[in-house]
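Below is my_file11.cif, holding mmCIF, C-alpha atoms, pLDDT in the B column; chains and numbers go by the auth columns.
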data_model
loop_
_atom_site.group_PDB
_atom_site.id
_atom_site.type_symbol
_atom_site.label_atom_id
_atom_site.label_comp_id
_atom_site.label_asym_id
_atom_site.label_seq_id
_atom_site.Cartn_x
_atom_site.Cartn_y
_atom_site.Cartn_z
_atom_site.B_iso_or_equiv
_atom_site.auth_seq_id
_atom_site.auth_asym_id
ATOM 1 C CA MET A 1 0.000 0.000 0.000 80.00 1 Q
ATOM 2 C CA ASP A 2 1.341 3.393 -0.934 85.00 2 Q
ATOM 3 C CA ARG A 3 1.854 5.961 1.782 86.00 3 Q
ATOM 4 C CA ILE A 4 1.548 9.724 1.854 85.00 4 Q
ATOM 5 C CA LEU A 5 4.569 11.483 3.281 85.00 5 Q
ATOM 6 C CA ALA A 6 4.104 15.073 4.363 82.00 6 Q
ATOM 7 C CA LEU A 7 7.353 16.987 4.185 81.00 7 Q
ATOM 8 C CA GLU A 8 7.528 20.396 5.763 76.00 8 Q
ATOM 9 C CA TYR A 9 10.166 22.446 4.032 74.00 9 Q
ATOM 10 C CA ASN A 10 10.685 26.192 4.051 72.00 10 Q
ATOM 11 C CA GLU A 11 7.496 26.528 6.047 76.00 11 Q
ATOM 12 C CA ALA A 12 5.403 24.854 3.391 80.00 12 Q
ATOM 13 C CA VAL A 13 4.024 21.365 3.589 83.00 13 Q
ATOM 14 C CA HIS A 14 4.422 19.173 0.552 83.00 14 Q
ATOM 15 C CA ARG A 15 2.823 15.798 0.216 85.00 15 Q
ATOM 16 C CA ILE A 16 4.518 13.116 -1.770 85.00 16 Q
ATOM 17 C CA ILE A 17 3.452 9.577 -2.475 88.00 17 Q
ATOM 18 C CA VAL A 18 5.767 6.886 -1.222 90.00 18 Q
ATOM 19 C CA HIS A 19 5.335 3.599 -3.004 92.00 19 Q
ATOM 20 C CA GLU A 20 5.197 0.443 -0.938 92.00 20 Q
ATOM 21 C CA ASP A 21 8.336 -0.746 -2.711 93.00 21 Q
ATOM 22 C CA ASP A 22 10.210 2.245 -1.287 94.00 22 Q
ATOM 23 C CA VAL A 23 9.290 1.551 2.340 95.00 23 Q
ATOM 24 C CA LEU A 24 12.057 -0.104 4.337 97.00 24 Q
ATOM 25 C CA ARG A 25 11.410 -1.777 7.671 96.00 25 Q
ATOM 26 C CA PHE A 26 13.995 -1.988 10.417 97.00 26 Q
ATOM 27 C CA PRO A 27 12.447 -4.238 13.092 95.00 27 Q
ATOM 28 C CA ASP A 28 15.171 -3.305 15.596 93.00 28 Q
ATOM 29 C CA GLY A 29 15.380 0.323 14.531 95.00 29 Q
ATOM 30 C CA LEU A 30 18.846 1.855 14.354 96.00 30 Q
ATOM 31 C CA VAL A 31 21.614 1.451 16.929 95.00 31 Q
ATOM 32 C CA GLY A 32 20.635 3.581 19.900 93.00 32 Q
ATOM 33 C CA PHE A 33 17.224 4.364 18.395 95.00 33 Q
ATOM 34 C CA PRO A 34 15.063 1.247 18.443 94.00 34 Q
ATOM 35 C CA ASP A 35 11.897 3.228 17.643 94.00 35 Q
ATOM 36 C CA TRP A 36 13.078 4.346 14.201 95.00 36 Q
ATOM 37 C CA ARG A 37 11.579 1.402 12.376 96.00 37 Q
ATOM 38 C CA GLU A 38 9.954 2.453 9.122 95.00 38 Q
ATOM 39 C CA PHE A 39 11.642 4.536 6.462 95.00 39 Q
ATOM 40 C CA ALA A 40 10.846 5.890 3.039 94.00 40 Q
ATOM 41 C CA PHE A 41 13.819 5.399 0.743 95.00 41 Q
ATOM 42 C CA LEU A 42 13.755 8.215 -1.787 93.00 42 Q
ATOM 43 C CA ALA A 43 16.484 7.956 -4.408 92.00 43 Q
ATOM 44 C CA PRO A 44 16.135 10.460 -7.248 90.00 44 Q
ATOM 45 C CA GLU A 45 17.634 9.330 -10.537 88.00 45 Q
ATOM 46 C CA GLY A 46 21.161 10.405 -11.224 88.00 46 Q
ATOM 47 C CA GLU A 47 21.938 11.555 -7.679 89.00 47 Q
ATOM 48 C CA PRO A 48 24.689 9.847 -5.688 87.00 48 Q
ATOM 49 C CA ALA A 49 22.881 10.461 -2.403 92.00 49 Q
ATOM 50 C CA ALA A 50 19.380 9.429 -1.394 94.00 50 Q
ATOM 51 C CA LEU A 51 17.006 10.380 1.377 93.00 51 Q
ATOM 52 C CA LEU A 52 15.882 8.059 4.131 94.00 52 Q
ATOM 53 C CA VAL A 53 12.882 9.577 5.907 92.00 53 Q
ATOM 54 C CA CYS A 54 11.475 7.988 9.022 92.00 54 Q
ATOM 55 C CA LEU A 55 7.763 7.361 8.625 91.00 55 Q
ATOM 56 C CA ASN A 56 6.910 6.574 12.225 86.00 56 Q
ATOM 57 C CA GLN A 57 8.846 9.414 13.865 83.00 57 Q
ATOM 58 C CA PRO A 58 8.577 13.059 12.867 77.00 58 Q
ATOM 59 C CA ALA A 59 11.572 15.100 11.800 80.00 59 Q
ATOM 60 C CA ILE A 60 13.982 12.194 11.373 88.00 60 Q
ATOM 61 C CA ALA A 61 15.589 12.125 7.937 90.00 61 Q
ATOM 62 C CA PHE A 62 18.986 10.999 6.720 94.00 62 Q
ATOM 63 C CA LEU A 63 21.178 11.360 3.694 94.00 63 Q
ATOM 64 C CA VAL A 64 22.503 8.007 2.588 96.00 64 Q
ATOM 65 C CA THR A 65 24.664 6.673 -0.168 95.00 65 Q
ATOM 66 C CA ASP A 66 26.052 3.389 -1.458 95.00 66 Q
ATOM 67 C CA PRO A 67 29.239 2.785 0.577 95.00 67 Q
ATOM 68 C CA ARG A 68 30.873 1.249 -2.483 94.00 68 Q
ATOM 69 C CA LEU A 69 31.061 4.774 -3.909 92.00 69 Q
ATOM 70 C CA ILE A 70 33.434 5.483 -1.030 93.00 70 Q
ATOM 71 C CA VAL A 71 35.219 2.136 -0.654 93.00 71 Q
ATOM 72 C CA ALA A 72 34.837 0.068 -3.832 92.00 72 Q
ATOM 73 C CA GLU A 73 35.396 -3.266 -2.108 93.00 73 Q
ATOM 74 C CA TYR A 74 33.108 -2.515 0.880 95.00 74 Q
ATOM 75 C CA ARG A 75 31.293 -5.731 1.661 93.00 75 Q
ATOM 76 C CA PRO A 76 30.393 -6.204 5.327 92.00 76 Q
ATOM 77 C CA ALA A 77 30.207 -9.814 6.423 88.00 77 Q
ATOM 78 C CA LEU A 78 26.834 -10.893 7.691 90.00 78 Q
ATOM 79 C CA GLY A 79 26.569 -13.656 10.250 87.00 79 Q
ATOM 80 C CA LEU A 80 23.912 -16.343 9.942 86.00 80 Q
ATOM 81 C CA ALA A 81 21.732 -14.635 12.519 87.00 81 Q
ATOM 82 C CA ASP A 82 21.830 -11.334 10.614 90.00 82 Q
ATOM 83 C CA ARG A 83 21.004 -13.091 7.362 91.00 83 Q
ATOM 84 C CA ALA A 84 18.094 -14.877 9.049 90.00 84 Q
ATOM 85 C CA ARG A 85 16.818 -11.631 10.519 88.00 85 Q
ATOM 86 C CA LEU A 86 16.746 -10.060 7.057 93.00 86 Q
ATOM 87 C CA GLY A 87 15.269 -13.155 5.447 93.00 87 Q
ATOM 88 C CA LEU A 88 18.189 -13.511 3.032 94.00 88 Q
ATOM 89 C CA SER A 89 18.398 -16.848 1.307 91.00 89 Q
ATOM 90 C CA ALA A 90 21.809 -18.436 0.793 87.00 90 Q
ATOM 91 C CA ASP A 91 22.387 -16.892 -2.625 90.00 91 Q
ATOM 92 C CA GLU A 92 20.949 -13.449 -1.906 92.00 92 Q
ATOM 93 C CA GLU A 93 23.175 -10.464 -1.214 92.00 93 Q
ATOM 94 C CA PRO A 94 22.052 -7.486 0.865 95.00 94 Q
ATOM 95 C CA GLN A 95 22.012 -3.895 -0.282 96.00 95 Q
ATOM 96 C CA CYS A 96 24.164 -1.601 1.852 97.00 96 Q
ATOM 97 C CA LEU A 97 23.652 2.033 2.665 97.00 97 Q
ATOM 98 C CA THR A 98 25.837 4.325 4.689 97.00 98 Q
ATOM 99 C CA LEU A 99 24.529 7.270 6.682 97.00 99 Q
ATOM 100 C CA LEU A 100 26.073 10.614 5.775 95.00 100 Q
ATOM 101 C CA THR A 101 26.660 13.485 8.146 94.00 101 Q
ATOM 102 C CA VAL A 102 27.002 16.978 6.766 90.00 102 Q
ATOM 103 C CA ARG A 103 28.943 19.043 9.265 87.00 103 Q
ATOM 104 C CA ALA A 104 28.362 22.725 9.914 84.00 104 Q
ATOM 105 C CA ASP A 105 31.349 23.567 7.710 84.00 105 Q
ATOM 106 C CA GLY A 106 29.891 21.567 4.828 84.00 106 Q
ATOM 107 C CA ALA A 107 32.290 18.639 5.122 89.00 107 Q
ATOM 108 C CA ILE A 108 30.680 15.250 4.664 92.00 108 Q
ATOM 109 C CA THR A 109 31.470 12.106 6.606 95.00 109 Q
ATOM 110 C CA ALA A 110 30.124 8.587 6.183 96.00 110 Q
ATOM 111 C CA ASN A 111 29.465 6.057 8.913 97.00 111 Q
ATOM 112 C CA LEU A 112 31.219 3.019 7.478 97.00 112 Q
ATOM 113 C CA LEU A 113 31.377 1.433 10.911 96.00 113 Q
ATOM 114 C CA GLY A 114 27.603 1.068 11.174 97.00 114 Q
ATOM 115 C CA PRO A 115 26.188 0.273 7.727 97.00 115 Q
ATOM 116 C CA LEU A 116 22.538 -0.259 7.025 98.00 116 Q
ATOM 117 C CA VAL A 117 22.036 -3.620 5.344 97.00 117 Q
ATOM 118 C CA ILE A 118 18.785 -4.335 3.564 97.00 118 Q
ATOM 119 C CA ASN A 119 17.211 -7.331 1.901 97.00 119 Q
ATOM 120 C CA PRO A 120 16.119 -5.864 -1.442 95.00 120 Q
ATOM 121 C CA ARG A 121 13.404 -8.483 -1.814 95.00 121 Q
ATOM 122 C CA THR A 122 11.729 -8.182 1.592 94.00 122 Q
ATOM 123 C CA ARG A 123 12.835 -4.591 2.227 96.00 123 Q
ATOM 124 C CA ILE A 124 13.762 -5.522 5.778 96.00 124 Q
ATOM 125 C CA GLY A 125 16.977 -4.038 7.116 97.00 125 Q
ATOM 126 C CA CYS A 126 19.140 -3.614 10.150 96.00 126 Q
ATOM 127 C CA GLN A 127 22.162 -1.583 11.186 96.00 127 Q
ATOM 128 C CA LEU A 128 25.320 -3.613 11.654 95.00 128 Q
ATOM 129 C CA VAL A 129 28.211 -2.801 13.946 93.00 129 Q
ATOM 130 C CA LEU A 130 31.444 -3.798 12.217 92.00 130 Q
ATOM 131 C CA ASP A 131 33.865 -4.774 14.927 85.00 131 Q
ATOM 132 C CA ASP A 132 36.928 -5.568 12.827 81.00 132 Q
ATOM 133 C CA GLY A 133 38.628 -2.213 13.234 85.00 133 Q
ATOM 134 C CA ARG A 134 38.771 -1.488 9.518 91.00 134 Q
ATOM 135 C CA TYR A 135 36.271 1.301 9.133 94.00 135 Q
ATOM 136 C CA SER A 136 35.475 4.644 10.699 94.00 136 Q
ATOM 137 C CA SER A 137 32.159 6.015 11.865 95.00 137 Q
ATOM 138 C CA ARG A 138 33.234 9.384 10.476 95.00 138 Q
ATOM 139 C CA GLN A 139 34.978 8.671 7.182 94.00 139 Q
ATOM 140 C CA PRO A 140 35.514 11.908 5.238 93.00 140 Q
ATOM 141 C CA VAL A 141 33.960 11.608 1.811 91.00 141 Q
ATOM 142 C CA CYS A 142 33.713 13.565 -1.366 83.00 142 Q
ATOM 143 C CA LEU A 143 30.465 13.132 -3.239 72.00 143 Q
ATOM 144 C CA PRO A 144 30.472 13.884 -6.951 65.00 144 Q
ATOM 145 C CA MET A 145 27.790 16.514 -6.322 57.00 145 Q
ATOM 146 C CA ASP A 146 29.874 18.369 -3.775 54.00 146 Q
ATOM 147 C CA ALA A 147 31.316 21.451 -5.458 53.00 147 Q
ATOM 148 C CA ALA A 148 33.724 21.945 -2.584 53.00 148 Q
ATOM 149 C CA CYS A 149 35.511 18.661 -3.326 59.00 149 Q
ATOM 150 C CA SER A 150 38.809 19.026 -4.996 50.00 150 Q
ATOM 151 C CA SER A 151 39.184 15.409 -6.126 45.00 151 Q
ATOM 152 C CA MET B 1 22.855 -2.589 37.806 94.00 1 K
ATOM 153 C CA LEU B 2 23.866 -5.918 39.345 95.00 2 K
ATOM 154 C CA VAL B 3 27.403 -5.619 40.737 96.00 3 K
ATOM 155 C CA LEU B 4 29.505 -8.727 41.266 95.00 4 K
ATOM 156 C CA THR B 5 33.113 -9.175 42.224 95.00 5 K
ATOM 157 C CA ARG B 6 34.860 -12.053 40.468 95.00 6 K
ATOM 158 C CA LYS B 7 38.328 -13.531 40.339 95.00 7 K
ATOM 159 C CA ALA B 8 40.125 -14.986 37.351 96.00 8 K
ATOM 160 C CA GLY B 9 38.647 -18.337 36.460 97.00 9 K
ATOM 161 C CA GLN B 10 35.175 -17.500 37.737 97.00 10 K
ATOM 162 C CA GLN B 11 32.050 -17.210 35.638 97.00 11 K
ATOM 163 C CA ILE B 12 28.884 -15.187 35.317 97.00 12 K
ATOM 164 C CA LEU B 13 25.824 -16.791 33.739 97.00 13 K
ATOM 165 C CA VAL B 14 23.281 -14.530 32.026 96.00 14 K
ATOM 166 C CA GLY B 15 19.918 -16.057 31.193 96.00 15 K
ATOM 167 C CA HIS B 16 19.915 -19.618 29.955 96.00 16 K
ATOM 168 C CA ASP B 17 22.573 -19.435 27.299 96.00 17 K
ATOM 169 C CA ILE B 18 25.123 -16.705 27.945 97.00 18 K
ATOM 170 C CA ALA B 19 28.280 -17.327 29.950 98.00 19 K
ATOM 171 C CA ILE B 20 30.956 -14.759 30.752 97.00 20 K
ATOM 172 C CA THR B 21 34.243 -16.113 32.019 98.00 21 K
ATOM 173 C CA ILE B 22 36.926 -13.985 33.678 97.00 22 K
ATOM 174 C CA LEU B 23 39.996 -15.343 31.920 97.00 23 K
ATOM 175 C CA ALA B 24 42.652 -13.092 33.399 97.00 24 K
ATOM 176 C CA VAL B 25 43.099 -9.950 35.420 96.00 25 K
ATOM 177 C CA ASP B 26 46.183 -7.868 34.638 95.00 26 K
ATOM 178 C CA GLY B 27 46.447 -4.464 36.284 94.00 27 K
ATOM 179 C CA ASP B 28 43.544 -2.362 35.030 94.00 28 K
ATOM 180 C CA ARG B 29 42.604 -4.800 32.261 95.00 29 K
ATOM 181 C CA VAL B 30 40.265 -7.748 32.482 96.00 30 K
ATOM 182 C CA ARG B 31 40.236 -10.445 29.841 97.00 31 K
ATOM 183 C CA LEU B 32 36.728 -11.829 29.366 97.00 32 K
ATOM 184 C CA GLY B 33 35.513 -14.813 27.429 97.00 33 K
ATOM 185 C CA ILE B 34 31.902 -14.607 26.280 97.00 34 K
ATOM 186 C CA GLU B 35 29.854 -17.540 25.134 97.00 35 K
ATOM 187 C CA ALA B 36 26.517 -16.598 23.628 95.00 36 K
ATOM 188 C CA PRO B 37 24.231 -17.800 20.843 92.00 37 K
ATOM 189 C CA GLU B 38 25.128 -16.439 17.430 85.00 38 K
ATOM 190 C CA ALA B 39 21.886 -14.448 17.354 83.00 39 K
ATOM 191 C CA VAL B 40 22.922 -12.374 20.369 87.00 40 K
ATOM 192 C CA ARG B 41 25.111 -9.396 19.536 85.00 41 K
ATOM 193 C CA VAL B 42 28.074 -9.035 21.851 89.00 42 K
ATOM 194 C CA LEU B 43 29.839 -5.729 21.287 89.00 43 K
ATOM 195 C CA ARG B 44 32.197 -3.385 23.071 91.00 44 K
ATOM 196 C CA GLY B 45 30.044 -0.712 24.699 92.00 45 K
ATOM 197 C CA GLU B 46 32.006 2.236 23.327 93.00 46 K
ATOM 198 C CA LEU B 47 31.482 0.959 19.785 93.00 47 K
ATOM 199 C CA VAL B 48 27.725 0.934 20.187 93.00 48 K
ATOM 200 C CA GLN B 49 27.849 4.399 21.737 94.00 49 K
ATOM 201 C CA GLU B 50 29.970 5.661 18.863 95.00 50 K
ATOM 202 C CA ILE B 51 27.492 4.458 16.273 96.00 51 K
ATOM 203 C CA ALA B 52 24.512 5.769 18.231 96.00 52 K
ATOM 204 C CA ALA B 53 26.239 9.160 18.434 96.00 53 K
ATOM 205 C CA ALA B 54 27.022 9.098 14.723 96.00 54 K
ATOM 206 C CA ASN B 55 23.371 8.261 14.006 97.00 55 K
ATOM 207 C CA GLY B 56 22.256 11.266 16.014 95.00 56 K
ATOM 208 C CA GLU B 57 24.708 13.536 14.191 94.00 57 K
ATOM 209 C CA ALA B 58 23.518 12.282 10.823 94.00 58 K
ATOM 210 C CA ILE B 59 19.966 13.556 11.231 92.00 59 K
ATOM 211 C CA SER B 60 19.585 15.880 8.313 86.00 60 K
ATOM 212 C CA ASP B 61 17.252 18.820 8.125 77.00 61 K
ATOM 213 C CA GLN B 62 18.891 21.365 5.903 71.00 62 K
ATOM 214 C CA GLY B 63 21.701 21.952 3.480 75.00 63 K
ATOM 215 C CA GLN B 64 22.543 21.980 -0.195 77.00 64 K
ATOM 216 C CA ILE B 65 22.384 18.250 -0.771 80.00 65 K
ATOM 217 C CA LEU B 66 19.037 17.922 0.942 80.00 66 K
ATOM 218 C CA ALA B 67 17.640 20.860 -1.017 79.00 67 K
ATOM 219 C CA ARG B 68 18.846 19.315 -4.242 81.00 68 K
ATOM 220 C CA LEU B 69 17.206 15.979 -3.493 84.00 69 K
ATOM 221 C CA LEU B 70 13.969 17.629 -2.458 82.00 70 K
ATOM 222 C CA ARG B 71 13.817 19.511 -5.746 82.00 71 K
ATOM 223 C CA HIS B 72 13.650 16.125 -7.474 84.00 72 K
ATOM 224 C CA LEU B 73 10.993 14.831 -5.123 83.00 73 K
ATOM 225 C CA ILE B 74 8.724 17.836 -4.803 82.00 74 K
ATOM 226 C CA PRO B 75 7.596 19.090 -8.195 75.00 75 K
ATOM 227 C CA GLY B 76 7.455 22.827 -8.477 73.00 76 K
ATOM 228 C CA LEU B 77 9.759 23.538 -5.546 71.00 77 K
ATOM 229 C CA PRO B 78 11.379 26.908 -6.262 67.00 78 K
ATOM 230 C CA THR B 79 15.024 26.407 -7.123 63.00 79 K
ATOM 231 C CA ASP B 80 16.201 29.735 -5.834 61.00 80 K
ATOM 232 C CA LEU B 81 15.040 29.343 -2.256 58.00 81 K
ATOM 233 C CA PRO B 82 17.821 28.514 0.172 58.00 82 K
ATOM 234 C CA PRO B 83 17.047 25.651 2.533 56.00 83 K
ATOM 235 C CA THR B 84 16.095 27.319 5.776 53.00 84 K
ATOM 236 C CA SER B 85 13.668 25.285 7.783 48.00 85 K
ATOM 237 C CA SER B 86 13.596 21.676 8.689 54.00 86 K
ATOM 238 C CA VAL B 87 12.435 18.701 6.778 59.00 87 K
ATOM 239 C CA LYS B 88 9.762 17.114 8.881 60.00 88 K
ATOM 240 C CA SER B 89 7.872 13.999 8.091 59.00 89 K
ATOM 241 C CA ARG B 90 4.385 13.723 9.485 55.00 90 K
#
Hey, can you dump this file as structure tokens for me?
Amino acid sequence: MDRILALEYNEAVHRIIVHEDDVLRFPDGLVGFPDWREFAFLAPEGEPAALLVCLNQPAIAFLVTDPRLIVAEYRPALGLADRARLGLSADEEPQCLTLLTVRADGAITANLLGPLVINPRTRIGCQLVLDDGRYSSRQPVCLPMDAACSS
Amino acid sequence: MLVLTRKAGQQILVGHDIAITILAVDGDRVRLGIEAPEAVRVLRGELVQEIAAANGEAISDQGQILARLLRHLIPGLPTDLPPTSSVKSR
């Protein structure tokens, strides 16, 4: 069932339709925020970043991107329990998203330590905590859209 | 919080299927062995706090990138307005 998402922006309220296929469910919420459980995933064509808007909590929205745009070989290992929680069959691979933080000075960092992993078929996801010491929760990134990036 | 004092070699049992063993005590460091079902996440506390903090910092309500995405999503949004107020879902 499609949902109506009311976005208040610049003091005006805009209503957009969110298709059922773009609703992601996180049964355990995000780390530290177990109540953030339903999200609209809004990914305009041709943009490297997408919007994740919480549907069951007001005023919670995130910028996300594919972590492989930042680290090409990024492929977090999922344990059997995580795979079961997402309903991934043995030959299915999850989709990964990383949460972006835009700092006051405009610099962007990505949380590669706590990726969102999603079953593209069931649209169920969870946030992993990668405990192998390889990645940072505040990895500086340069998005292609960011005019301030030099590289 | 339940507070227990243990020596090396002693155990703490949590629920039916979690066991924490004090393997060694060396100065201000304790070496712990944790046995738990695979479904139970066992993580260093500061790691969870770091990710929770990063989640909180990531909440986005204004900025160039957000404005640009919203222009795709909301037809007719004026392109010359700077993003000033928050994005709120209802």
Taking only residues of chain Q that have an atom at most 6 Å from an atom of chain K, what is each one's shortest atom pair and its distance in Å to one decimal, using all atoms listed in the file, in chain and number order, as JSON lines?
{"residue": "Q:Ala6", "atom": "CA", "partner": "K:Arg90", "partner_atom": "CA", "distance": 5.3}
{"residue": "Q:Leu7", "atom": "CA", "partner": "K:Ser89", "partner_atom": "CA", "distance": 4.9}
{"residue": "Q:Glu8", "atom": "CA", "partner": "K:Lys88", "partner_atom": "CA", "distance": 5.0}
{"residue": "Q:Tyr9", "atom": "CA", "partner": "K:Val87", "partner_atom": "CA", "distance": 5.2}
{"residue": "Q:Asn10", "atom": "CA", "partner": "K:Ser85", "partner_atom": "CA", "distance": 4.9}
{"residue": "Q:Val31", "atom": "CA", "partner": "K:Ala52", "partner_atom": "CA", "distance": 5.4}
{"residue": "Q:Gly32", "atom": "CA", "partner": "K:Ala52", "partner_atom": "CA", "distance": 4.8}
{"residue": "Q:Pro58", "atom": "CA", "partner": "K:Ser89", "partner_atom": "CA", "distance": 4.9}
{"residue": "Q:Ala59", "atom": "CA", "partner": "K:Lys88", "partner_atom": "CA", "distance": 4.0}
{"residue": "Q:Ala61", "atom": "CA", "partner": "K:Ser60", "partner_atom": "CA", "distance": 5.5}
{"residue": "Q:Phe62", "atom": "CA", "partner": "K:Ser60", "partner_atom": "CA", "distance": 5.2}
{"residue": "Q:Ala81", "atom": "CA", "partner": "K:Ala39", "partner_atom": "CA", "distance": 4.8}
{"residue": "Q:Leu100", "atom": "CA", "partner": "K:Ala58", "partner_atom": "CA", "distance": 5.9}
{"residue": "Q:Thr101", "atom": "CA", "partner": "K:Ala58", "partner_atom": "CA", "distance": 4.3}
Residue contacts of Gly114 of chain Q (10 Å, only C-alpha atoms) excluding same-chain residues fewer than 2 positions away, as a PyMOL selection string: (chain Q and resi 30-31+76+97-99+110-112+116-117+126-131+135-137) or (chain K and resi 47-48+50-52+54-55)
Those same residues - C-alpha atoms - I'd like them written as a PDB file, in the coordinates of the input.
ATOM      1  CA  LEU Q  30      18.846   1.855  14.354  1.00 96.00           C
ATOM      2  CA  VAL Q  31      21.614   1.451  16.929  1.00 95.00           C
ATOM      3  CA  PRO Q  76      30.393  -6.204   5.327  1.00 92.00           C
ATOM      4  CA  LEU Q  97      23.652   2.033   2.665  1.00 97.00           C
ATOM      5  CA  THR Q  98      25.837   4.325   4.689  1.00 97.00           C
ATOM      6  CA  LEU Q  99      24.529   7.270   6.682  1.00 97.00           C
ATOM      7  CA  ALA Q 110      30.124   8.587   6.183  1.00 96.00           C
ATOM      8  CA  ASN Q 111      29.465   6.057   8.913  1.00 97.00           C
ATOM      9  CA  LEU Q 112      31.219   3.019   7.478  1.00 97.00           C
ATOM     10  CA  LEU Q 116      22.538  -0.259   7.025  1.00 98.00           C
ATOM     11  CA  VAL Q 117      22.036  -3.620   5.344  1.00 97.00           C
ATOM     12  CA  CYS Q 126      19.140  -3.614  10.150  1.00 96.00           C
ATOM     13  CA  GLN Q 127      22.162  -1.583  11.186  1.00 96.00           C
ATOM     14  CA  LEU Q 128      25.320  -3.613  11.654  1.00 95.00           C
ATOM     15  CA  VAL Q 129      28.211  -2.801  13.946  1.00 93.00           C
ATOM     16  CA  LEU Q 130      31.444  -3.798  12.217  1.00 92.00           C
ATOM     17  CA  ASP Q 131      33.865  -4.774  14.927  1.00 85.00           C
ATOM     18  CA  TYR Q 135      36.271   1.301   9.133  1.00 94.00           C
ATOM     19  CA  SER Q 136      35.475   4.644  10.699  1.00 94.00           C
ATOM     20  CA  SER Q 137      32.159   6.015  11.865  1.00 95.00           C
TER      21      SER Q 137
ATOM     22  CA  LEU K  47      31.482   0.959  19.785  1.00 93.00           C
ATOM     23  CA  VAL K  48      27.725   0.934  20.187  1.00 93.00           C
ATOM     24  CA  GLU K  50      29.970   5.661  18.863  1.00 95.00           C
ATOM     25  CA  ILE K  51      27.492   4.458  16.273  1.00 96.00           C
ATOM     26  CA  ALA K  52      24.512   5.769  18.231  1.00 96.00           C
ATOM     27  CA  ALA K  54      27.022   9.098  14.723  1.00 96.00           C
ATOM     28  CA  ASN K  55      23.371   8.261  14.006  1.00 97.00           C
TER      29      ASN K  55
END
Selection near Glu38 of chain Q, 7 Å with all atoms listed in the file, sequence-local residues under 6 positions removed, as a list in words: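 The residues satisfying every condition are Val23, Leu24, Arg25, Phe26, Cys54, Leu55 and Asn56 of chain Q.
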Gap from atom CA of Thr109 of chain Q to atom CA of Val141 of chain Q - Å, one decimal: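 Rounded to one decimal, the two atoms are 5.4 Å apart.
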The PyMOL selection byres ((chain K and resi 13-24) around 12) resolved against shown file, as number ranges by chain: K: 2, 4-12, 25-42
Step by step, work through what the PyMOL selection byres ((chain Q and resi 83) around 10) selects in the shown file, and finish by giving those residues as a compact mmCIF listing (two decimals) with C-alpha atoms, in the frame of the given file.
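File written: out16.txt
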# COMPACT_ATOMS: atom_id res chain seq x y z
CA ALA Q 77 30.21 -9.81 6.42
CA LEU Q 78 26.83 -10.89 7.69
CA GLY Q 79 26.57 -13.66 10.25
CA LEU Q 80 23.91 -16.34 9.94
CA ALA Q 81 21.73 -14.64 12.52
CA ASP Q 82 21.83 -11.33 10.61
CA ALA Q 84 18.09 -14.88 9.05
CA ARG Q 85 16.82 -11.63 10.52
CA LEU Q 86 16.75 -10.06 7.06
CA GLY Q 87 15.27 -13.16 5.45
CA LEU Q 88 18.19 -13.51 3.03
CA SER Q 89 18.40 -16.85 1.31
CA ALA Q 90 21.81 -18.44 0.79
CA GLU Q 92 20.95 -13.45 -1.91
CA GLU Q 93 23.18 -10.46 -1.21
CA PRO Q 94 22.05 -7.49 0.86
CA VAL Q 117 22.04 -3.62 5.34
CA ILE Q 118 18.78 -4.34 3.56
CA ASN Q 119 17.21 -7.33 1.90
CA GLY Q 125 16.98 -4.04 7.12
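Note that atom CA of Gly29 of chain Q and atom CA of Asp2 of chain Q are 21.1 Å apart.
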Which of Q:Pro27, Q:Leu69, Q:Tyr74, Q:Leu5 sits closest to Leu52 of chain Q [using all atoms listed in the file]: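 Ranked by minimum distance to Leu52 of chain Q, first place goes to Q:Leu5.
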Coordinates-based distance that separates atom CA of Cys142 of chain Q from atom CA of Val102 of chain Q (Å, one decimal): 11.1 Å
The PyMOL selection byres ((chain Q and resi 49) around 6) on the file shown: which residues, as an mmCIF file with C-alpha atoms, keeping the file's coordinate frame?
data_model
loop_
_atom_site.group_PDB
_atom_site.id
_atom_site.type_symbol
_atom_site.label_atom_id
_atom_site.label_comp_id
_atom_site.auth_asym_id
_atom_site.auth_seq_id
_atom_site.Cartn_x
_atom_site.Cartn_y
_atom_site.Cartn_z
ATOM 1 C CA GLU Q 47 21.938 11.555 -7.679
ATOM 2 C CA PRO Q 48 24.689 9.847 -5.688
ATOM 3 C CA ALA Q 50 19.380 9.429 -1.394
ATOM 4 C CA VAL Q 64 22.503 8.007 2.588
ATOM 5 C CA THR Q 65 24.664 6.673 -0.168
#
